[in-house]
$ cat my_file.cif   # mmCIF, N, CA and C atoms and all ligand atoms
data_query
#
loop_
_atom_site.label_atom_id
_atom_site.label_comp_id
_atom_site.auth_asym_id
_atom_site.auth_seq_id
_atom_site.Cartn_x
_atom_site.Cartn_y
_atom_site.Cartn_z
N MET A 240 -25.15 -8.58 -13.31
CA MET A 240 -24.45 -7.31 -13.48
C MET A 240 -23.12 -7.50 -14.19
N SER A 241 -22.94 -8.64 -14.84
CA SER A 241 -21.65 -8.87 -15.48
C SER A 241 -21.60 -8.32 -16.90
N GLU A 242 -22.75 -7.93 -17.44
CA GLU A 242 -22.75 -7.36 -18.78
C GLU A 242 -22.45 -5.86 -18.72
N ALA A 243 -21.70 -5.38 -19.72
CA ALA A 243 -21.41 -3.95 -19.77
C ALA A 243 -22.69 -3.16 -20.00
N HIS A 244 -22.75 -2.02 -19.36
CA HIS A 244 -23.95 -1.20 -19.39
C HIS A 244 -23.48 0.23 -19.17
N THR A 245 -24.22 1.21 -19.68
CA THR A 245 -23.87 2.59 -19.39
C THR A 245 -24.61 3.03 -18.14
N TYR A 246 -23.84 3.41 -17.15
CA TYR A 246 -24.40 3.86 -15.88
C TYR A 246 -24.17 5.36 -15.73
N HIS A 247 -25.06 5.98 -14.99
CA HIS A 247 -24.92 7.40 -14.68
C HIS A 247 -24.54 7.52 -13.21
N GLY A 248 -23.56 8.38 -12.94
CA GLY A 248 -23.14 8.60 -11.56
C GLY A 248 -23.10 10.07 -11.25
N GLN A 249 -23.26 10.39 -9.98
CA GLN A 249 -23.20 11.80 -9.58
C GLN A 249 -22.88 11.90 -8.10
N CYS A 250 -22.39 13.09 -7.73
CA CYS A 250 -22.16 13.37 -6.32
C CYS A 250 -23.52 13.63 -5.66
N HIS A 251 -23.52 14.04 -4.41
CA HIS A 251 -24.80 14.21 -3.71
C HIS A 251 -25.57 15.43 -4.18
N CYS A 252 -24.88 16.55 -4.38
CA CYS A 252 -25.58 17.78 -4.76
C CYS A 252 -25.88 17.85 -6.25
N GLY A 253 -25.23 16.99 -7.04
CA GLY A 253 -25.51 16.93 -8.46
C GLY A 253 -24.60 17.78 -9.32
N ALA A 254 -23.64 18.49 -8.70
CA ALA A 254 -22.72 19.31 -9.50
C ALA A 254 -21.85 18.43 -10.39
N VAL A 255 -21.42 17.28 -9.86
CA VAL A 255 -20.55 16.35 -10.59
C VAL A 255 -21.42 15.24 -11.17
N GLN A 256 -21.38 15.10 -12.50
CA GLN A 256 -22.20 14.10 -13.20
C GLN A 256 -21.32 13.38 -14.21
N TYR A 257 -21.52 12.09 -14.33
CA TYR A 257 -20.75 11.34 -15.34
C TYR A 257 -21.55 10.16 -15.85
N ASP A 258 -21.11 9.69 -17.02
CA ASP A 258 -21.58 8.42 -17.57
C ASP A 258 -20.38 7.50 -17.66
N VAL A 259 -20.58 6.23 -17.41
CA VAL A 259 -19.51 5.25 -17.52
C VAL A 259 -20.10 3.98 -18.10
N SER A 260 -19.36 3.42 -19.05
CA SER A 260 -19.77 2.15 -19.64
C SER A 260 -18.89 1.06 -19.06
N THR A 261 -19.49 0.18 -18.30
CA THR A 261 -18.71 -0.87 -17.65
C THR A 261 -19.62 -2.00 -17.20
N ALA A 262 -19.02 -3.15 -17.01
CA ALA A 262 -19.70 -4.23 -16.30
C ALA A 262 -19.33 -4.10 -14.83
N LEU A 263 -20.25 -4.39 -13.99
CA LEU A 263 -19.96 -4.31 -12.55
C LEU A 263 -19.52 -5.70 -12.07
N ASP A 264 -18.43 -6.17 -12.69
CA ASP A 264 -17.99 -7.54 -12.41
C ASP A 264 -16.71 -7.59 -11.58
N GLY A 265 -16.25 -6.40 -11.15
CA GLY A 265 -15.03 -6.39 -10.34
C GLY A 265 -15.16 -5.45 -9.16
N MET A 266 -16.33 -5.43 -8.58
CA MET A 266 -16.55 -4.50 -7.46
C MET A 266 -15.70 -4.89 -6.26
N GLY A 267 -15.16 -3.86 -5.61
CA GLY A 267 -14.33 -4.14 -4.45
C GLY A 267 -14.48 -3.07 -3.40
N ASP A 268 -14.11 -3.43 -2.20
CA ASP A 268 -13.93 -2.41 -1.17
C ASP A 268 -12.49 -2.53 -0.67
N CYS A 269 -12.11 -1.65 0.20
CA CYS A 269 -10.70 -1.57 0.57
C CYS A 269 -10.61 -1.11 2.01
N ASN A 270 -9.62 -1.64 2.72
CA ASN A 270 -9.49 -1.33 4.14
C ASN A 270 -8.35 -0.35 4.42
N CYS A 271 -7.89 0.38 3.38
CA CYS A 271 -6.81 1.34 3.61
C CYS A 271 -7.36 2.50 4.44
N SER A 272 -6.44 3.35 4.90
CA SER A 272 -6.81 4.41 5.84
C SER A 272 -7.86 5.36 5.29
N ARG A 273 -7.86 5.55 3.98
CA ARG A 273 -8.87 6.45 3.40
C ARG A 273 -10.16 5.70 3.06
N CYS A 274 -10.03 4.57 2.36
CA CYS A 274 -11.24 3.87 1.89
C CYS A 274 -12.12 3.40 3.05
N ARG A 275 -11.51 2.99 4.15
CA ARG A 275 -12.37 2.52 5.24
C ARG A 275 -13.16 3.67 5.84
N ARG A 276 -12.63 4.88 5.73
CA ARG A 276 -13.39 6.05 6.20
C ARG A 276 -14.53 6.40 5.24
N VAL A 277 -14.24 6.30 3.94
CA VAL A 277 -15.24 6.65 2.94
C VAL A 277 -16.32 5.55 2.84
N GLY A 278 -15.88 4.30 2.94
CA GLY A 278 -16.82 3.19 2.86
C GLY A 278 -17.39 2.98 1.48
N TRP A 279 -16.62 3.32 0.46
CA TRP A 279 -17.15 3.21 -0.89
C TRP A 279 -16.96 1.82 -1.47
N VAL A 280 -17.74 1.55 -2.53
CA VAL A 280 -17.60 0.33 -3.32
C VAL A 280 -17.05 0.75 -4.67
N LEU A 281 -15.91 0.18 -5.04
CA LEU A 281 -15.20 0.59 -6.24
C LEU A 281 -15.46 -0.34 -7.41
N GLN A 282 -15.45 0.24 -8.59
CA GLN A 282 -15.41 -0.54 -9.83
C GLN A 282 -14.47 0.20 -10.77
N SER A 283 -13.44 -0.46 -11.25
CA SER A 283 -12.51 0.17 -12.18
C SER A 283 -13.01 0.04 -13.61
N ALA A 284 -12.69 1.03 -14.42
CA ALA A 284 -13.02 1.01 -15.84
C ALA A 284 -11.96 1.82 -16.58
N PRO A 285 -11.68 1.46 -17.84
CA PRO A 285 -10.74 2.27 -18.62
C PRO A 285 -11.26 3.70 -18.74
N ALA A 286 -10.32 4.66 -18.66
CA ALA A 286 -10.72 6.07 -18.68
C ALA A 286 -11.51 6.42 -19.94
N GLY A 287 -11.25 5.73 -21.05
CA GLY A 287 -11.95 6.00 -22.29
C GLY A 287 -13.43 5.64 -22.25
N GLN A 288 -13.84 4.88 -21.25
CA GLN A 288 -15.24 4.50 -21.11
C GLN A 288 -15.99 5.41 -20.13
N PHE A 289 -15.30 6.47 -19.72
CA PHE A 289 -15.84 7.39 -18.72
C PHE A 289 -15.97 8.77 -19.33
N THR A 290 -17.10 9.41 -19.14
CA THR A 290 -17.30 10.77 -19.62
C THR A 290 -17.79 11.64 -18.47
N LEU A 291 -16.99 12.65 -18.13
CA LEU A 291 -17.42 13.60 -17.11
C LEU A 291 -18.34 14.61 -17.78
N LEU A 292 -19.59 14.63 -17.37
CA LEU A 292 -20.60 15.48 -18.01
C LEU A 292 -20.63 16.88 -17.43
N SER A 293 -20.37 17.00 -16.16
CA SER A 293 -20.36 18.31 -15.52
C SER A 293 -19.59 18.24 -14.21
N GLY A 294 -19.16 19.42 -13.75
CA GLY A 294 -18.54 19.51 -12.44
C GLY A 294 -17.03 19.48 -12.42
N ALA A 295 -16.37 19.52 -13.59
CA ALA A 295 -14.90 19.47 -13.60
C ALA A 295 -14.30 20.58 -12.75
N ASP A 296 -14.93 21.75 -12.79
CA ASP A 296 -14.41 22.89 -12.03
C ASP A 296 -14.88 22.88 -10.58
N ASN A 297 -15.61 21.85 -10.20
CA ASN A 297 -16.12 21.77 -8.83
C ASN A 297 -15.49 20.61 -8.07
N LEU A 298 -14.38 20.08 -8.62
CA LEU A 298 -13.71 18.94 -7.99
C LEU A 298 -12.45 19.37 -7.26
N THR A 299 -12.24 18.80 -6.10
CA THR A 299 -11.00 18.99 -5.37
C THR A 299 -10.23 17.68 -5.42
N SER A 300 -8.92 17.79 -5.64
CA SER A 300 -8.08 16.61 -5.79
C SER A 300 -7.34 16.32 -4.48
N TYR A 301 -7.23 15.05 -4.16
CA TYR A 301 -6.51 14.64 -2.96
C TYR A 301 -5.69 13.40 -3.28
N ARG A 302 -4.40 13.45 -2.94
CA ARG A 302 -3.53 12.30 -3.14
C ARG A 302 -2.82 12.00 -1.83
N PHE A 303 -2.52 10.74 -1.58
CA PHE A 303 -1.78 10.37 -0.37
C PHE A 303 -0.97 9.11 -0.66
N ASN A 304 -0.12 8.75 0.27
CA ASN A 304 0.71 7.54 0.18
C ASN A 304 1.49 7.53 -1.13
N THR A 305 1.26 6.59 -2.04
CA THR A 305 2.02 6.53 -3.29
C THR A 305 1.60 7.62 -4.27
N GLU A 306 0.47 8.27 -4.00
CA GLU A 306 -0.06 9.35 -4.83
C GLU A 306 -0.42 8.90 -6.24
N ASN A 307 -0.60 7.61 -6.42
CA ASN A 307 -0.96 7.08 -7.74
C ASN A 307 -2.42 7.32 -8.08
N ILE A 308 -3.24 7.46 -7.07
CA ILE A 308 -4.67 7.65 -7.30
C ILE A 308 -5.05 9.08 -6.97
N GLU A 309 -5.73 9.71 -7.92
CA GLU A 309 -6.23 11.06 -7.70
C GLU A 309 -7.67 10.95 -7.21
N HIS A 310 -7.84 11.16 -5.92
CA HIS A 310 -9.18 11.14 -5.34
C HIS A 310 -9.82 12.49 -5.61
N LEU A 311 -11.01 12.47 -6.18
CA LEU A 311 -11.68 13.70 -6.60
C LEU A 311 -13.02 13.80 -5.89
N PHE A 312 -13.17 14.84 -5.10
CA PHE A 312 -14.44 14.99 -4.42
C PHE A 312 -15.04 16.36 -4.67
N CYS A 313 -16.35 16.42 -4.58
CA CYS A 313 -17.09 17.63 -4.90
C CYS A 313 -16.83 18.70 -3.84
N LYS A 314 -16.51 19.91 -4.28
CA LYS A 314 -16.25 21.02 -3.36
C LYS A 314 -17.49 21.40 -2.57
N THR A 315 -18.65 21.14 -3.12
CA THR A 315 -19.89 21.56 -2.48
C THR A 315 -20.39 20.54 -1.46
N CYS A 316 -20.49 19.27 -1.88
CA CYS A 316 -21.11 18.27 -0.99
C CYS A 316 -20.10 17.29 -0.41
N GLY A 317 -18.85 17.30 -0.90
CA GLY A 317 -17.81 16.47 -0.30
C GLY A 317 -17.80 15.02 -0.73
N ILE A 318 -18.68 14.64 -1.64
CA ILE A 318 -18.76 13.23 -2.03
C ILE A 318 -17.75 12.90 -3.13
N GLU A 319 -17.00 11.81 -2.91
CA GLU A 319 -16.08 11.30 -3.94
C GLU A 319 -16.84 10.28 -4.78
N SER A 320 -17.28 10.72 -5.95
CA SER A 320 -18.07 9.82 -6.80
C SER A 320 -17.19 9.02 -7.75
N PHE A 321 -15.93 9.46 -7.93
CA PHE A 321 -14.99 8.70 -8.75
C PHE A 321 -13.58 9.16 -8.44
N ALA A 322 -12.60 8.38 -8.90
CA ALA A 322 -11.19 8.74 -8.77
C ALA A 322 -10.50 8.37 -10.07
N ARG A 323 -9.34 8.94 -10.29
CA ARG A 323 -8.56 8.61 -11.48
C ARG A 323 -7.26 7.94 -11.06
N GLY A 324 -6.82 6.98 -11.86
CA GLY A 324 -5.57 6.28 -11.56
C GLY A 324 -5.10 5.54 -12.78
N GLY A 325 -4.31 4.52 -12.56
CA GLY A 325 -3.78 3.71 -13.65
C GLY A 325 -3.87 2.24 -13.29
N ASP A 326 -3.63 1.40 -14.29
CA ASP A 326 -3.70 -0.04 -14.03
C ASP A 326 -2.32 -0.64 -13.77
N GLY A 327 -1.30 0.23 -13.69
CA GLY A 327 0.06 -0.26 -13.46
C GLY A 327 0.77 -0.63 -14.74
N LYS A 328 0.05 -0.58 -15.88
CA LYS A 328 0.66 -0.90 -17.18
C LYS A 328 0.64 0.32 -18.09
N GLY A 329 0.38 1.48 -17.51
CA GLY A 329 0.38 2.72 -18.28
C GLY A 329 -0.97 3.11 -18.83
N ASN A 330 -2.00 2.36 -18.50
CA ASN A 330 -3.34 2.68 -18.99
C ASN A 330 -4.11 3.51 -17.96
N ALA A 331 -4.68 4.62 -18.41
CA ALA A 331 -5.47 5.48 -17.53
C ALA A 331 -6.78 4.78 -17.18
N MET A 332 -7.10 4.81 -15.92
CA MET A 332 -8.31 4.16 -15.42
C MET A 332 -9.11 5.15 -14.57
N VAL A 333 -10.38 4.85 -14.43
CA VAL A 333 -11.17 5.54 -13.42
C VAL A 333 -11.67 4.48 -12.44
N MET A 334 -11.88 4.90 -11.22
CA MET A 334 -12.50 4.05 -10.22
C MET A 334 -13.80 4.74 -9.84
N ILE A 335 -14.89 4.14 -10.22
CA ILE A 335 -16.17 4.78 -9.88
C ILE A 335 -16.65 4.27 -8.53
N ASN A 336 -17.36 5.15 -7.85
CA ASN A 336 -17.99 4.80 -6.58
C ASN A 336 -19.38 4.26 -6.91
N VAL A 337 -19.52 2.95 -6.83
CA VAL A 337 -20.78 2.31 -7.23
C VAL A 337 -21.96 2.85 -6.41
N ASN A 338 -21.67 3.31 -5.20
CA ASN A 338 -22.73 3.86 -4.35
C ASN A 338 -23.24 5.21 -4.86
N CYS A 339 -22.56 5.79 -5.86
CA CYS A 339 -22.97 7.08 -6.42
C CYS A 339 -23.72 6.93 -7.73
N LEU A 340 -23.98 5.70 -8.17
CA LEU A 340 -24.74 5.52 -9.41
C LEU A 340 -26.19 5.92 -9.17
N GLU A 341 -26.77 6.52 -10.22
CA GLU A 341 -28.13 7.04 -10.13
C GLU A 341 -28.87 6.67 -11.40
N PRO A 342 -29.95 5.93 -11.36
CA PRO A 342 -30.60 5.46 -10.14
C PRO A 342 -29.74 4.43 -9.41
N ALA A 343 -29.95 4.34 -8.12
CA ALA A 343 -29.17 3.42 -7.31
C ALA A 343 -29.38 1.99 -7.79
N ILE A 344 -28.31 1.23 -7.76
CA ILE A 344 -28.41 -0.17 -8.16
C ILE A 344 -28.38 -1.04 -6.90
N ALA A 345 -28.94 -2.21 -7.01
CA ALA A 345 -28.88 -3.16 -5.89
C ALA A 345 -27.52 -3.85 -5.95
N VAL A 346 -26.66 -3.56 -5.00
CA VAL A 346 -25.33 -4.15 -4.97
C VAL A 346 -25.39 -5.49 -4.24
N ASP A 347 -24.99 -6.54 -4.96
CA ASP A 347 -24.91 -7.86 -4.34
C ASP A 347 -23.61 -7.89 -3.53
N ARG A 348 -23.73 -7.70 -2.23
CA ARG A 348 -22.53 -7.55 -1.39
C ARG A 348 -21.67 -8.80 -1.37
N SER A 349 -22.26 -9.95 -1.70
CA SER A 349 -21.45 -11.17 -1.72
C SER A 349 -20.48 -11.17 -2.90
N MET A 350 -20.71 -10.25 -3.88
CA MET A 350 -19.84 -10.17 -5.05
C MET A 350 -18.64 -9.25 -4.83
N ILE A 351 -18.63 -8.53 -3.72
CA ILE A 351 -17.58 -7.54 -3.48
C ILE A 351 -16.30 -8.24 -3.04
N LYS A 352 -15.21 -7.91 -3.75
CA LYS A 352 -13.90 -8.45 -3.38
C LYS A 352 -13.28 -7.49 -2.37
N HIS A 353 -12.61 -8.03 -1.39
CA HIS A 353 -12.03 -7.21 -0.33
C HIS A 353 -10.54 -6.99 -0.59
N TRP A 354 -10.20 -5.76 -0.87
CA TRP A 354 -8.83 -5.40 -1.18
C TRP A 354 -8.13 -5.01 0.11
N ASP A 355 -7.00 -5.68 0.39
CA ASP A 355 -6.29 -5.43 1.64
C ASP A 355 -5.31 -4.27 1.46
N GLY A 356 -5.88 -3.08 1.17
CA GLY A 356 -5.05 -1.91 0.91
C GLY A 356 -4.24 -1.47 2.10
N ALA A 357 -4.69 -1.83 3.30
CA ALA A 357 -3.97 -1.42 4.51
C ALA A 357 -2.59 -2.06 4.58
N ASN A 358 -2.43 -3.21 3.94
CA ASN A 358 -1.16 -3.95 4.01
C ASN A 358 -0.49 -4.06 2.65
N TRP A 359 -0.87 -3.15 1.76
CA TRP A 359 -0.34 -3.21 0.41
C TRP A 359 0.92 -2.39 0.28
ZN ZN B 401 -21.62 17.69 -4.99
#
$ encode --input "my_file.cif" --output "structure tokens"
Amino acid sequence: MSEAHTYHGQCHCGAVQYDVSTALDGMGDCNCSRCRRVGWVLQSAPAGQFTLLSGADNLTSYRFNTENIEHLFCKTCGIESFARGGDGKGNAMVMINVNCLEPAIAVDRSMIKHWDGANW
């Protein structure tokens, strides 16, 4: 999964749909107060490699703590299939929820890096 590939992602009800071109070579999870509740697997990609195909008007935005990350979840089904943020150098990034890719991919859990967001 280290080669770049175009993946399709969507929320549960299908209102929110996107394509993203990325390698799944930096998958991570996070133990911060929000991520541990969501239980998502993240992969960051430059915003230019992400195309929101539908559902822009069906997203609710949520920010907390430093408010650097815009968590976006579907108003209908509540699933956060991606978030928007930055890389700290001024570049716009997206964080896709690998668990929302369709068709589902087999995630090699041994490849997931554990981000200690709770103590960041
Ligand atoms: Zn939905």
$ atom_distance --input "my_file.cif" --atom1 "atom CA of Gln249 of chain A" --atom2 "atom CA of Val333 of chain A"
14.1 Å
$ atom_distance --input "my_file.cif" --atom1 "atom CA of Ser320 of chain A" --atom2 "atom CA of Trp359 of chain A"
23.2 Å
$ closest_atom_pairs --input "my_file.cif" --of "chain A" --to "ligand ZN 401 (chain B)" --cutoff "6.5 Å" --atoms "all atoms listed in the file" --output "CSV"
residue,atom,partner,partner_atom,distance
A:Cys250,C,B:ZN401,ZN,4.5
A:His251,N,B:ZN401,ZN,4.2
A:Cys252,N,B:ZN401,ZN,3.5
A:Gly253,N,B:ZN401,ZN,4.2
A:Ala254,N,B:ZN401,ZN,4.3
A:Val255,N,B:ZN401,ZN,4.9
A:Cys313,CA,B:ZN401,ZN,4.5
A:Lys314,N,B:ZN401,ZN,5.6
A:Thr315,C,B:ZN401,ZN,4.7
A:Cys316,N,B:ZN401,ZN,3.7
A:Gly317,N,B:ZN401,ZN,5.0
A:Ile318,N,B:ZN401,ZN,5.4
$ select_by_dssp --input "my_file.cif" --residues "segment 255-325 of chain A" --states "helix (DSSP H, G or I)" --output "list in words"
Cys274, Arg275, Arg276, Val277, Ala286, Gly287, Gln288, Ala295, Asp296 and Asn297 of chain A
$ atom_distance --input "my_file.cif" --atom1 "atom CA of Glu242 of chain A" --atom2 "atom CA of Arg323 of chain A"
22.6 Å
$ closest_residue --input "my_file.cif" --among "A:Gln282, A:Thr305, A:Thr299, A:Ser293" --to "Gly356 of chain A" --atoms "only C-alpha atoms"
A:Thr305
$ closest_residue --input "my_file.cif" --among "A:Ser283, A:Ile351, A:Ala243, A:Asp268" --to "Phe321 of chain A" --atoms "only C-alpha atoms"
A:Ser283
$ closest_residue --input "my_file.cif" --among "A:Gly324, A:Gly287, A:Tyr246, A:Tyr257" --to "Ile308 of chain A" --atoms "all atoms listed in the file"
A:Gly324
$ select_by_dssp --input "my_file.cif" --residues "segment 255-355 of chain A" --states "strand (DSSP E)" --output "ChimeraX atom specification"
/A:256-261,267-269,281-285,289-293,298-301,309-313,321-325,331-336,352-354
$ residues_around --input "my_file.cif" --residues "Ile344 of chain A" --least-positions-apart "4" --cutoff "10 Å" --atoms "only C-alpha atoms" --output "list in words"
Met240, Tyr246, Val337, Asn338, Cys339 and Leu340 of chain A
$ closest_residue --input "my_file.cif" --among "A:Val280, A:Cys271, A:Leu311, A:Leu291" --to "Val259 of chain A" --atoms "all atoms listed in the file"
A:Leu291
$ residues_near_point --input "my_file.cif" --point "(0.4, 0.4, 1.8)" --cutoff "12 Å" --atoms "only C-alpha atoms" --output "list of chain:residue names"
A:Cys269, A:Asn270, A:Cys271, A:Ser272, A:Arg273, A:Phe303, A:Asn304, A:Thr305, A:Glu306, A:Asn307, A:Trp354, A:Asp355, A:Gly356, A:Ala357, A:Asn358, A:Trp359
$ closest_residue --input "my_file.cif" --among "A:Ala295, A:Met332, A:Phe289, A:Ser241" --to "Met266 of chain A" --atoms "only C-alpha atoms"
A:Ser241
$ closest_residue --input "my_file.cif" --among "A:Asn336, A:Met350, A:Gln256, A:Cys274" --to "Gly294 of chain A" --atoms "only C-alpha atoms"
A:Gln256
$ build_atoms --input "my_file.cif" --residues "segment 266-282 of chain A" --atoms "N, CA, C and O atoms" --output "PDB file, keeping the file's coordinate frame"
ATOM      1  N   MET A 266     -16.330  -5.430  -8.580  1.00  0.00           N
ATOM      2  CA  MET A 266     -16.550  -4.500  -7.460  1.00  0.00           C
ATOM      3  C   MET A 266     -15.700  -4.890  -6.260  1.00  0.00           C
ATOM      4  O   MET A 266     -15.535  -6.073  -5.956  1.00  0.00           O
ATOM      5  N   GLY A 267     -15.160  -3.860  -5.610  1.00  0.00           N
ATOM      6  CA  GLY A 267     -14.330  -4.140  -4.450  1.00  0.00           C
ATOM      7  C   GLY A 267     -14.480  -3.070  -3.400  1.00  0.00           C
ATOM      8  O   GLY A 267     -14.945  -1.957  -3.673  1.00  0.00           O
ATOM      9  N   ASP A 268     -14.110  -3.430  -2.200  1.00  0.00           N
ATOM     10  CA  ASP A 268     -13.930  -2.410  -1.170  1.00  0.00           C
ATOM     11  C   ASP A 268     -12.490  -2.530  -0.670  1.00  0.00           C
ATOM     12  O   ASP A 268     -11.741  -3.384  -1.153  1.00  0.00           O
ATOM     13  N   CYS A 269     -12.110  -1.650   0.200  1.00  0.00           N
ATOM     14  CA  CYS A 269     -10.700  -1.570   0.570  1.00  0.00           C
ATOM     15  C   CYS A 269     -10.610  -1.110   2.010  1.00  0.00           C
ATOM     16  O   CYS A 269     -11.429  -0.306   2.471  1.00  0.00           O
ATOM     17  N   ASN A 270      -9.620  -1.640   2.720  1.00  0.00           N
ATOM     18  CA  ASN A 270      -9.490  -1.330   4.140  1.00  0.00           C
ATOM     19  C   ASN A 270      -8.350  -0.350   4.420  1.00  0.00           C
ATOM     20  O   ASN A 270      -7.870  -0.240   5.537  1.00  0.00           O
ATOM     21  N   CYS A 271      -7.890   0.380   3.380  1.00  0.00           N
ATOM     22  CA  CYS A 271      -6.810   1.340   3.610  1.00  0.00           C
ATOM     23  C   CYS A 271      -7.360   2.500   4.440  1.00  0.00           C
ATOM     24  O   CYS A 271      -8.558   2.632   4.660  1.00  0.00           O
ATOM     25  N   SER A 272      -6.440   3.350   4.900  1.00  0.00           N
ATOM     26  CA  SER A 272      -6.810   4.410   5.840  1.00  0.00           C
ATOM     27  C   SER A 272      -7.860   5.360   5.290  1.00  0.00           C
ATOM     28  O   SER A 272      -8.672   5.901   6.032  1.00  0.00           O
ATOM     29  N   ARG A 273      -7.860   5.550   3.980  1.00  0.00           N
ATOM     30  CA  ARG A 273      -8.870   6.450   3.400  1.00  0.00           C
ATOM     31  C   ARG A 273     -10.160   5.700   3.060  1.00  0.00           C
ATOM     32  O   ARG A 273     -11.244   6.127   3.442  1.00  0.00           O
ATOM     33  N   CYS A 274     -10.030   4.570   2.360  1.00  0.00           N
ATOM     34  CA  CYS A 274     -11.240   3.870   1.890  1.00  0.00           C
ATOM     35  C   CYS A 274     -12.120   3.400   3.050  1.00  0.00           C
ATOM     36  O   CYS A 274     -13.343   3.421   2.936  1.00  0.00           O
ATOM     37  N   ARG A 275     -11.510   2.990   4.150  1.00  0.00           N
ATOM     38  CA  ARG A 275     -12.370   2.520   5.240  1.00  0.00           C
ATOM     39  C   ARG A 275     -13.160   3.670   5.840  1.00  0.00           C
ATOM     40  O   ARG A 275     -14.246   3.490   6.358  1.00  0.00           O
ATOM     41  N   ARG A 276     -12.630   4.880   5.730  1.00  0.00           N
ATOM     42  CA  ARG A 276     -13.390   6.050   6.200  1.00  0.00           C
ATOM     43  C   ARG A 276     -14.530   6.400   5.240  1.00  0.00           C
ATOM     44  O   ARG A 276     -15.614   6.777   5.662  1.00  0.00           O
ATOM     45  N   VAL A 277     -14.240   6.300   3.940  1.00  0.00           N
ATOM     46  CA  VAL A 277     -15.240   6.650   2.940  1.00  0.00           C
ATOM     47  C   VAL A 277     -16.320   5.550   2.840  1.00  0.00           C
ATOM     48  O   VAL A 277     -17.493   5.839   2.651  1.00  0.00           O
ATOM     49  N   GLY A 278     -15.880   4.300   2.940  1.00  0.00           N
ATOM     50  CA  GLY A 278     -16.820   3.190   2.860  1.00  0.00           C
ATOM     51  C   GLY A 278     -17.390   2.980   1.480  1.00  0.00           C
ATOM     52  O   GLY A 278     -18.500   2.492   1.313  1.00  0.00           O
ATOM     53  N   TRP A 279     -16.620   3.320   0.460  1.00  0.00           N
ATOM     54  CA  TRP A 279     -17.150   3.210  -0.890  1.00  0.00           C
ATOM     55  C   TRP A 279     -16.960   1.820  -1.470  1.00  0.00           C
ATOM     56  O   TRP A 279     -16.160   1.028  -0.983  1.00  0.00           O
ATOM     57  N   VAL A 280     -17.740   1.550  -2.530  1.00  0.00           N
ATOM     58  CA  VAL A 280     -17.600   0.330  -3.320  1.00  0.00           C
ATOM     59  C   VAL A 280     -17.050   0.750  -4.670  1.00  0.00           C
ATOM     60  O   VAL A 280     -17.640   1.600  -5.342  1.00  0.00           O
ATOM     61  N   LEU A 281     -15.910   0.180  -5.040  1.00  0.00           N
ATOM     62  CA  LEU A 281     -15.200   0.590  -6.240  1.00  0.00           C
ATOM     63  C   LEU A 281     -15.460  -0.340  -7.410  1.00  0.00           C
ATOM     64  O   LEU A 281     -15.637  -1.542  -7.220  1.00  0.00           O
ATOM     65  N   GLN A 282     -15.450   0.240  -8.590  1.00  0.00           N
ATOM     66  CA  GLN A 282     -15.410  -0.540  -9.830  1.00  0.00           C
ATOM     67  C   GLN A 282     -14.470   0.200 -10.770  1.00  0.00           C
ATOM     68  O   GLN A 282     -14.695   1.379 -11.057  1.00  0.00           O
TER      69      GLN A 282
END
